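J.: Here it is: the structure, laid out below.
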Amino acid sequence: LPQLPDTAAPPNLSGGAPIAEFLSLTDDERLVCLTTLDESSPGLAIGTEQGVVKRVVPDYPANKDELEVIGLKEGDRIVGAVELRTGEEDLVFITDDAQLLRYPAGQVRPQGRPAGGMAGIKLSAGAKVLSFTAIDPAADAVVFTVAGSHGTLVDSMQSAKLTPFDQYPRKGRATGGVRCQRFLKGEDCLVTAWAGATPARAAAANGAPVELPEIDPRRDGSGVPIPKAVAAVAGPV
């Protein structure tokens with residue numbers, strides 16, 4: 001894969017290459033992660049829109065170009081997947097009604113590739129998972145969320161918030177989360193959510209860098225206006 005040159009400023013992702021140059025995706029498919037398929041790793045952690053979590057046993061057939069990693073229920077889809085490095089990470093769900101749930105990956109027993117996973121987070125009526133990832137609890141990490149409103153344009157009425165990850169307590173698997181952003185007037189949902197190691201860097205849909213807000217230590221504070229819509233956020237590899 002092409003590598004962007006190191007820079008002290010936020011990188012411009014327009015210097016990258018389209019995913020279509022490396023793999024074929026149908027209209028209803030999108031890329032959610034890259035993984036090494038290393039069988040000595042603790043496996044792949046997966047979270048779905050309907051709140052299912054799964055740790056995949058690292059048993060990948062060498063004679064297949066494509067393979068299934070989870071059996072999905074009808075209407076469900078993967079929202080996040082990440083290769084675990086130690087197995088001691090915290091798994092993190094963020095929902096569109098601004099709930100964040102974190103718990104140790106050890107609470108999820110590994111399953112074979114065809115299995116359908118298990119309950120990962122308890123969702124409120126009408127809510128769905130917006131983001132799922134795994135974070136080293138010893139790392140300096142942050143949570144980035146953007147609030148908006150159902151039925152409005154992507155780049156309208158948005159406020160963003162950047163909060164230290166350690167402000168959010170661990171809870172048990174399949175429980176409800178804690179609020180990670182308080183909605184302002186005219187806001188009723190999160191439109192973007194991300195959690196990961198610092199420094200966090202964001203980009204607009206055209207690849208141009210987007211400046212993130214200052215750190216807000218309040219776990220459930222409200223956001224501040226951002227200059228343009230954020231299409232992607234990432235931390236260090």
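Order determines the names: the first chain of the structure tokens is A, the second B, and so forth; residues in each chain are numbered 1 upward, and ligands are numbered 1 upward as they are shown.
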For A:Arg170, please output as a list in words all residues within 9 Å (counting only C-alpha atoms; exclusion window: fewer than 4 positions along the same chain).
T.: Asp90, Leu101, Arg102, Tyr103 and Pro104 of chain A
J.: Those selected residues, please, written with N, CA and C atoms and delivered as a short mmCIF file (atom, residue, chain, number, x, y, z; two decimals), in the first residue's frame.
T.:
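Output contents, as saved in again10.cif:
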```
data_model
loop_
_atom_site.label_atom_id
_atom_site.label_comp_id
_atom_site.auth_asym_id
_atom_site.auth_seq_id
_atom_site.Cartn_x
_atom_site.Cartn_y
_atom_site.Cartn_z
N ASP A 90 -9.31 -2.83 25.71
CA ASP A 90 -10.71 -2.56 26.01
C ASP A 90 -11.46 -2.46 24.68
N LEU A 101 -19.70 2.56 25.64
CA LEU A 101 -19.49 1.41 26.52
C LEU A 101 -18.11 0.83 26.26
N ARG A 102 -17.34 0.65 27.34
CA ARG A 102 -16.02 0.00 27.23
C ARG A 102 -15.93 -1.13 28.25
N TYR A 103 -15.29 -2.22 27.86
CA TYR A 103 -15.05 -3.34 28.77
C TYR A 103 -13.88 -4.16 28.23
N PRO A 104 -13.21 -4.92 29.10
CA PRO A 104 -12.05 -5.70 28.66
C PRO A 104 -12.40 -6.73 27.60
#
```
J.: A:Ala195: which residues within 8 Å, counting only C-alpha atoms, same-chain residues fewer than 6 positions away excluded, as a VMD selection string?
T.: chain A and resid 92 133 135 141 to 144 165
J.: Go through A:His150, A:Pro42, A:Gln99, A:Arg85 and flag the residue nearest A:Gln111, using only C-alpha atoms for the distances.
T.: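 Closest to A:Gln111 of all the choices is A:Pro42.
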J.: Can you tell me, as a list in words, what residues are no more than 10 Å from A:Ala232 when counting only C-alpha atoms, ignoring any on the same chain fewer than 5 positions away?
T.: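 So, after excluding close chain neighbours, the residues are Leu13, Thr192, Ala193, Trp194, Arg201, Ala202, Ala203, Ala204, Ala205, Gly207, Pro209 and Val210 of chain A.
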J.: For the selection just defined, write its residues with all heavy atoms to a file, as a compact mmCIF listing (two decimals), in the first residue's frame.
T.:
```
# COMPACT_ATOMS: atom_id res chain seq x y z
N LEU A 13 -4.97 13.47 2.98
CA LEU A 13 -5.20 12.11 2.52
C LEU A 13 -5.45 12.02 1.02
O LEU A 13 -5.52 10.92 0.47
CB LEU A 13 -6.39 11.49 3.28
CG LEU A 13 -6.20 11.36 4.79
CD1 LEU A 13 -7.39 10.63 5.40
CD2 LEU A 13 -4.91 10.64 5.12
N THR A 192 -20.90 11.25 13.80
CA THR A 192 -19.55 10.72 13.69
C THR A 192 -19.06 10.36 15.10
O THR A 192 -19.34 11.09 16.05
CB THR A 192 -18.57 11.74 13.07
OG1 THR A 192 -19.03 12.09 11.76
CG2 THR A 192 -17.16 11.18 12.97
N ALA A 193 -18.35 9.25 15.23
CA ALA A 193 -17.78 8.86 16.52
C ALA A 193 -16.52 8.06 16.26
O ALA A 193 -16.46 7.25 15.34
CB ALA A 193 -18.78 8.04 17.33
N TRP A 194 -15.51 8.31 17.10
CA TRP A 194 -14.23 7.62 16.96
C TRP A 194 -13.52 7.62 18.30
O TRP A 194 -13.63 8.57 19.07
CB TRP A 194 -13.37 8.34 15.91
CG TRP A 194 -11.98 7.77 15.74
CD1 TRP A 194 -11.61 6.76 14.91
CD2 TRP A 194 -10.79 8.18 16.42
NE1 TRP A 194 -10.27 6.51 15.02
CE2 TRP A 194 -9.73 7.38 15.93
CE3 TRP A 194 -10.51 9.16 17.37
CZ2 TRP A 194 -8.42 7.52 16.39
CZ3 TRP A 194 -9.21 9.29 17.83
CH2 TRP A 194 -8.18 8.48 17.33
N ARG A 201 -6.09 12.74 14.32
CA ARG A 201 -6.09 13.64 13.16
C ARG A 201 -7.30 13.35 12.31
O ARG A 201 -7.70 12.19 12.14
CB ARG A 201 -4.80 13.47 12.36
CG ARG A 201 -3.57 14.00 13.10
CD ARG A 201 -2.29 13.69 12.38
NE ARG A 201 -1.15 14.38 12.99
CZ ARG A 201 0.10 14.16 12.67
NH1 ARG A 201 0.40 13.27 11.75
NH2 ARG A 201 1.08 14.83 13.26
N ALA A 202 -7.88 14.41 11.75
CA ALA A 202 -9.13 14.28 11.01
C ALA A 202 -8.98 14.81 9.59
O ALA A 202 -8.11 15.66 9.32
CB ALA A 202 -10.26 15.02 11.73
N ALA A 203 -9.84 14.33 8.70
CA ALA A 203 -9.83 14.77 7.31
C ALA A 203 -11.25 14.95 6.82
O ALA A 203 -12.17 14.26 7.28
CB ALA A 203 -9.09 13.77 6.43
N ALA A 204 -11.43 15.88 5.89
CA ALA A 204 -12.72 16.07 5.22
C ALA A 204 -12.85 15.05 4.10
O ALA A 204 -11.93 14.27 3.82
CB ALA A 204 -12.81 17.49 4.68
N ALA A 205 -14.00 15.04 3.43
CA ALA A 205 -14.25 14.07 2.37
C ALA A 205 -13.26 14.19 1.21
O ALA A 205 -12.97 13.21 0.53
CB ALA A 205 -15.68 14.21 1.86
N GLY A 207 -10.12 14.82 1.59
CA GLY A 207 -8.80 14.48 2.08
C GLY A 207 -8.08 15.60 2.80
O GLY A 207 -7.02 15.39 3.37
N PRO A 209 -7.03 18.24 5.65
CA PRO A 209 -7.06 18.15 7.11
C PRO A 209 -8.17 19.02 7.72
O PRO A 209 -8.51 20.08 7.19
CB PRO A 209 -5.68 18.67 7.53
CG PRO A 209 -4.83 18.57 6.31
CD PRO A 209 -5.75 18.76 5.16
N VAL A 210 -8.72 18.55 8.82
CA VAL A 210 -9.71 19.32 9.58
C VAL A 210 -9.18 19.49 11.00
O VAL A 210 -8.79 18.51 11.65
CB VAL A 210 -11.08 18.60 9.64
CG1 VAL A 210 -12.07 19.40 10.50
CG2 VAL A 210 -11.64 18.40 8.25
```
J.: Select from stretch 122-180 of chain A every residue with an atom at most 8 Å from any atom of stretch 220-226 of chain A, then for each give the shortest pair of atoms and their distance in Å to one decimal, using only C-alpha atoms, rows by chain and rising number, as a Markdown table.
T.:
```
| residue | atom | partner | partner_atom | distance |
| --- | --- | --- | --- | --- |
| A:Val146 | CA | A:Gly223 | CA | 7.3 |
| A:Ala147 | CA | A:Gly223 | CA | 7.4 |
| A:Gln158 | CA | A:Pro225 | CA | 6.2 |
| A:Ser159 | CA | A:Pro225 | CA | 4.4 |
| A:Ala160 | CA | A:Gly223 | CA | 4.5 |
| A:Lys161 | CA | A:Gly223 | CA | 4.6 |
| A:Arg179 | CA | A:Asp220 | CA | 5.5 |
| A:Cys180 | CA | A:Asp220 | CA | 4.6 |
```
J.: Could you list, as number ranges by chain, every residue within 8 Å of A:Ala174, counting only C-alpha atoms and ignoring same-chain residues fewer than 4 positions away?
T.: A: 119-122
J.: Work out how far atom CA of A:Thr95 is from atom CA of A:Ser124, in Å to one decimal.
T.: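 Interatomic distance, atom CA of A:Ser124 to atom CA of A:Thr95: 9.4 Å.
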J.: Out of stretch 36-235 of chain A, which residues get strand (DSSP E or B) from DSSP, as an MDAnalysis selection string?
T.: chainID A and resid 44:48 52:56 78:83 90:95 99:104 110:111 118:119 129:135 141:148 159:164 170 178:179 189:197 201:203 209:210 215 224:225 232:234
J.: Given only C-alpha atoms as the basis, pick out the residue of A:Leu67, A:Ser149, A:Ala200, A:Asp96 nearest to A:Gly112.
T.: A:Leu67
J.: Per residue of stretch 43-149 of chain A within 10 Å of stretch 18-31 of chain A, note the shortest atom pair and the distance in Å to one decimal, counting only C-alpha atoms, and order the rows by chain and increasing residue number, as a Markdown table.
T.:
```
| residue | atom | partner | partner_atom | distance |
| --- | --- | --- | --- | --- |
| A:Arg77 | CA | A:Glu29 | CA | 9.8 |
| A:Ile78 | CA | A:Arg30 | CA | 9.6 |
| A:Val79 | CA | A:Leu31 | CA | 9.7 |
| A:Gly80 | CA | A:Leu31 | CA | 9.5 |
| A:Ala81 | CA | A:Leu31 | CA | 9.9 |
```
J.: Produce a file of the selected residues containing C-alpha atoms, as a compact mmCIF listing (two decimals), in the first residue's frame.
T.:
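Dumped to selection.txt:
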```txt
# COMPACT_ATOMS: atom_id res chain seq x y z
CA ARG A 77 -23.75 -4.91 9.35
CA ILE A 78 -20.20 -4.55 10.66
CA VAL A 79 -19.38 -1.02 11.83
CA GLY A 80 -15.86 -1.68 13.12
CA ALA A 81 -13.18 -4.35 13.26
```
